[in-house]
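Visitor: What follows is a single structure, and I will ask about it in a moment.
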Amino acid sequence: VGKVVVLAGGVGGARFSLGVRAAFAPGASDGAATVTVVGNVGDDITLYGLRICPDLDTLLYTLGGGIDPEQGWGRDNEVFSVRAELAAYGETGWFTLGDRDIATHLLRTSWLASGLTLSEVTARLARRWRPGVRLVPASDQPVETHVELADGREVHFQEWWVRAHAAIPARRFRFHGAEAAQPAPAVLPALAEADLVLIAPSNPVVSVGAILAVPGIAAALHTTPAPVIGVSPIIGGAPVRGMADACLQAENVPTSAEAVARRYGCRREGGLLDGWLVDLRDRAAAEVLAKEGYRAAAVPLLMHDLDATTGMVRAAAALGATVRG
Ligand code: FO1
């Protein structure tokens, strides 16, 4: 394995990327590889004129050692004087922006305004964070996930997720701007040249879904010579983190490791996956899927520390090797 591509969103995608970096570091048992992480931009939002890219920032801060470890997003040792000043003006926003995080948004916004692309901006931010992987946005054009609620209203994904805690039933998700968007320049070449493609245990509907909504990316997954291995974000019928269940419900997809694999589909039958990794608790799902043409394996999938996460990545790579061999 020389080149690995990861499709990642959210906290799960960032933590998984830590394991990918470790599994393919120089001297690692699987051999060194260059890692490209394609980050979801569907969660991006503009507030107070600031362009905020939560998933790219979560990846930068996590891989760069600056993440708030409890929350899994935002900066560590954060301070909130801007929030307090806003509140004094009567602005009690539902989306919390910390001072240290705001510095990132100020730079991103001004760099974008000066004409840099989101890929270029992300590369510049990465000069500080040194994530040890090549981090690229799925697209340089805005692709924003919106949620059509059961009552017909449509809100930005963050408003549904953060403000409403995903408690209002969603009818469907729309990826605004996706039709006109293109994959960021590094994405398609990375997929074409990959030796292994990993779909992180991220929210399949909104995180990975928004990446796949960018025209050309799903097609590149179909044609890549590399095995495409997904890691289940669902363990024992529940999301490990976040509210993927509320997103799957909108599509009438059961919250199970098996159903999420079927939603991605088996590559032999026109879907995306060569292989699917599930938790030990979902061993039965692996057996069922194996009969349907997926390479499937059950291993411990909880990312409670770097060793556990690296082990998951090694298991995914081993599953990939069975596809090639
Ligand atoms: N999540 C919250 O639950 N509340 C917040 O106020 C919030 C602010 C925020 C600011 C910057 C950032 O990068 C992420 C932030 N998140 C917040 C996390 C984010 O909403 C989601 O968890 C991700 O978009 C889902 O992948």
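By convention here, the chains of the structure tokens are called A, B, ... in the order presented, each chain's residues are numbered starting at 1, and ligands are numbered starting at 1 in the order presented.
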Find the spatial neighbours of Ala244 (chain A), counting only C-alpha atoms, within a cut-off of 10 Å - ignore same-chain residues fewer than 6 positions away - and output them as a compact mmCIF listing (two decimals) with N, CA and C atoms, in the first residue's frame.
Guide:
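Contents of result30.txt, as written:
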# COMPACT_ATOMS: atom_id res chain seq x y z
N ALA A 166 -31.37 17.47 16.38
CA ALA A 166 -31.89 16.48 15.43
C ALA A 166 -33.18 15.82 15.95
N SER A 202 -18.13 7.57 9.60
CA SER A 202 -18.78 8.88 9.71
C SER A 202 -20.25 8.71 9.38
N ASN A 203 -21.01 9.75 9.63
CA ASN A 203 -22.44 9.70 9.31
C ASN A 203 -22.63 9.42 7.81
N PRO A 204 -23.25 8.27 7.48
CA PRO A 204 -23.33 7.88 6.06
C PRO A 204 -24.23 8.80 5.24
N VAL A 205 -25.22 9.40 5.89
CA VAL A 205 -26.21 10.20 5.16
C VAL A 205 -25.69 11.61 4.93
N VAL A 206 -25.25 12.27 5.99
CA VAL A 206 -24.88 13.67 5.83
C VAL A 206 -23.38 13.88 5.65
N SER A 207 -22.51 13.10 6.30
CA SER A 207 -21.07 13.35 6.12
C SER A 207 -20.57 12.72 4.83
N PRO A 233 -20.31 2.96 11.08
CA PRO A 233 -20.47 3.93 12.18
C PRO A 233 -21.53 3.46 13.18
N ILE A 234 -22.18 2.35 12.84
CA ILE A 234 -23.25 1.82 13.70
C ILE A 234 -22.73 0.56 14.39
N ALA A 238 -26.86 1.13 17.14
CA ALA A 238 -26.86 2.54 17.54
C ALA A 238 -25.60 3.23 17.02
N THR A 255 -31.26 1.56 11.59
CA THR A 255 -29.97 1.88 12.19
C THR A 255 -29.25 0.58 12.52
Visitor: Name the residues in contact with region 285-293 of chain A at a cut-off of 7 Å, using only C-alpha atoms, excluding same-chain residues fewer than 3 positions from it; report them as a list in words.
Guide: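 Here the answer would be Ala257, Glu258, Cys266, Val278, Asp282, Ala296, Ala297 and Ala298 of chain A.
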Visitor: Of the residues A:Asp101, A:Asp140, A:Asp43, A:Glu78, which is the one nearest to Val162 (chain A), using only C-alpha atoms?
Guide: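 That would be A:Asp43, the residue with the smallest distance to Val162 (chain A).
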Visitor: Which residue is closest to Val1 (chain A)? Choose from A:Ala103, A:Ala25, A:Leu47, A:Val253 and count only C-alpha atoms.
Guide: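 Distance minimum relative to Val1 (chain A) lands on A:Ala25.
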Visitor: At a cut-off of 7 Å, using only C-alpha atoms, what residues contact region 311-324 of chain A? Leave out same-chain residues fewer than 5 positions from it and give the result as a PyMOL selection string.
Guide: chain A and resi 19-20+23+196+227+229+275+277+295+301
Visitor: Quick one: pick out all strand (DSSP E or B) residues within region 102-149 of chain A from a backbone DSSP run and write them as a list of chain:residue names.
Guide: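 In region 102-149 of chain A, DSSP puts these residues in strand (DSSP E or B): A:Arg134, A:Leu135, A:Val136, A:Pro137, A:Ser139, A:Glu144, A:Thr145, A:His146, A:Val147, A:Glu148, A:Leu149.
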Visitor: Counting only C-alpha atoms, which residue out of A:Gly152, A:Pro189, A:Gly64, A:Gly115 sits closest to Arg21 (chain A)?
Guide: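 Closest to Arg21 (chain A), using only C-alpha atoms: A:Gly64.
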Visitor: Provide the CA of Pro225 (chain A) to CA of Ala178 (chain A) distance in Å, to one decimal place.
Guide: 25.4 Å
Visitor: Quick one: residues within 12 Å of Ala84 (chain A), only C-alpha atoms counted, chain neighbours fewer than 5 positions away excluded, as a compact mmCIF listing (two decimals) with N, CA and C atoms, in the first residue's frame?
Guide:
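Writing the result to out25.txt gives the following:
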# COMPACT_ATOMS: atom_id res chain seq x y z
N VAL A 79 -11.48 29.88 24.90
CA VAL A 79 -11.97 31.02 25.69
C VAL A 79 -13.13 31.65 24.92
N TYR A 89 -24.80 42.14 23.60
CA TYR A 89 -25.59 42.84 22.57
C TYR A 89 -26.95 42.18 22.36
N GLY A 90 -27.21 41.13 23.12
CA GLY A 90 -28.48 40.42 22.96
C GLY A 90 -28.41 39.28 21.96
N GLU A 91 -27.21 39.00 21.46
CA GLU A 91 -27.02 37.93 20.48
C GLU A 91 -26.67 36.63 21.19
N THR A 92 -27.69 35.88 21.57
CA THR A 92 -27.41 34.58 22.18
C THR A 92 -27.61 33.52 21.10
N GLY A 93 -26.54 33.31 20.37
CA GLY A 93 -26.63 32.41 19.22
C GLY A 93 -26.71 30.95 19.65
N THR A 96 -22.05 27.92 19.00
CA THR A 96 -21.00 28.49 19.83
C THR A 96 -19.70 28.66 19.06
N LEU A 97 -19.19 29.89 19.06
CA LEU A 97 -17.89 30.13 18.45
C LEU A 97 -16.92 30.61 19.53
N GLY A 98 -15.88 29.85 19.74
CA GLY A 98 -14.86 30.24 20.71
C GLY A 98 -13.84 31.17 20.08
N ASP A 99 -13.16 31.94 20.93
CA ASP A 99 -12.20 32.93 20.42
C ASP A 99 -11.08 32.28 19.60
Visitor: What residues have any atom no more than 9 Å from ligand 1 when counting only C-alpha atoms and all ligand atoms, and can you list them as JSON, numbers by chain?
Guide: {"A": [9, 10, 11, 12, 13, 40, 42, 43, 44, 52, 53, 54, 55, 56, 57, 58, 71, 72, 73, 74, 75, 93, 94, 95, 96, 97, 98, 101, 102, 157, 158, 159, 161, 162, 163, 165, 202, 203, 206, 207, 242]}
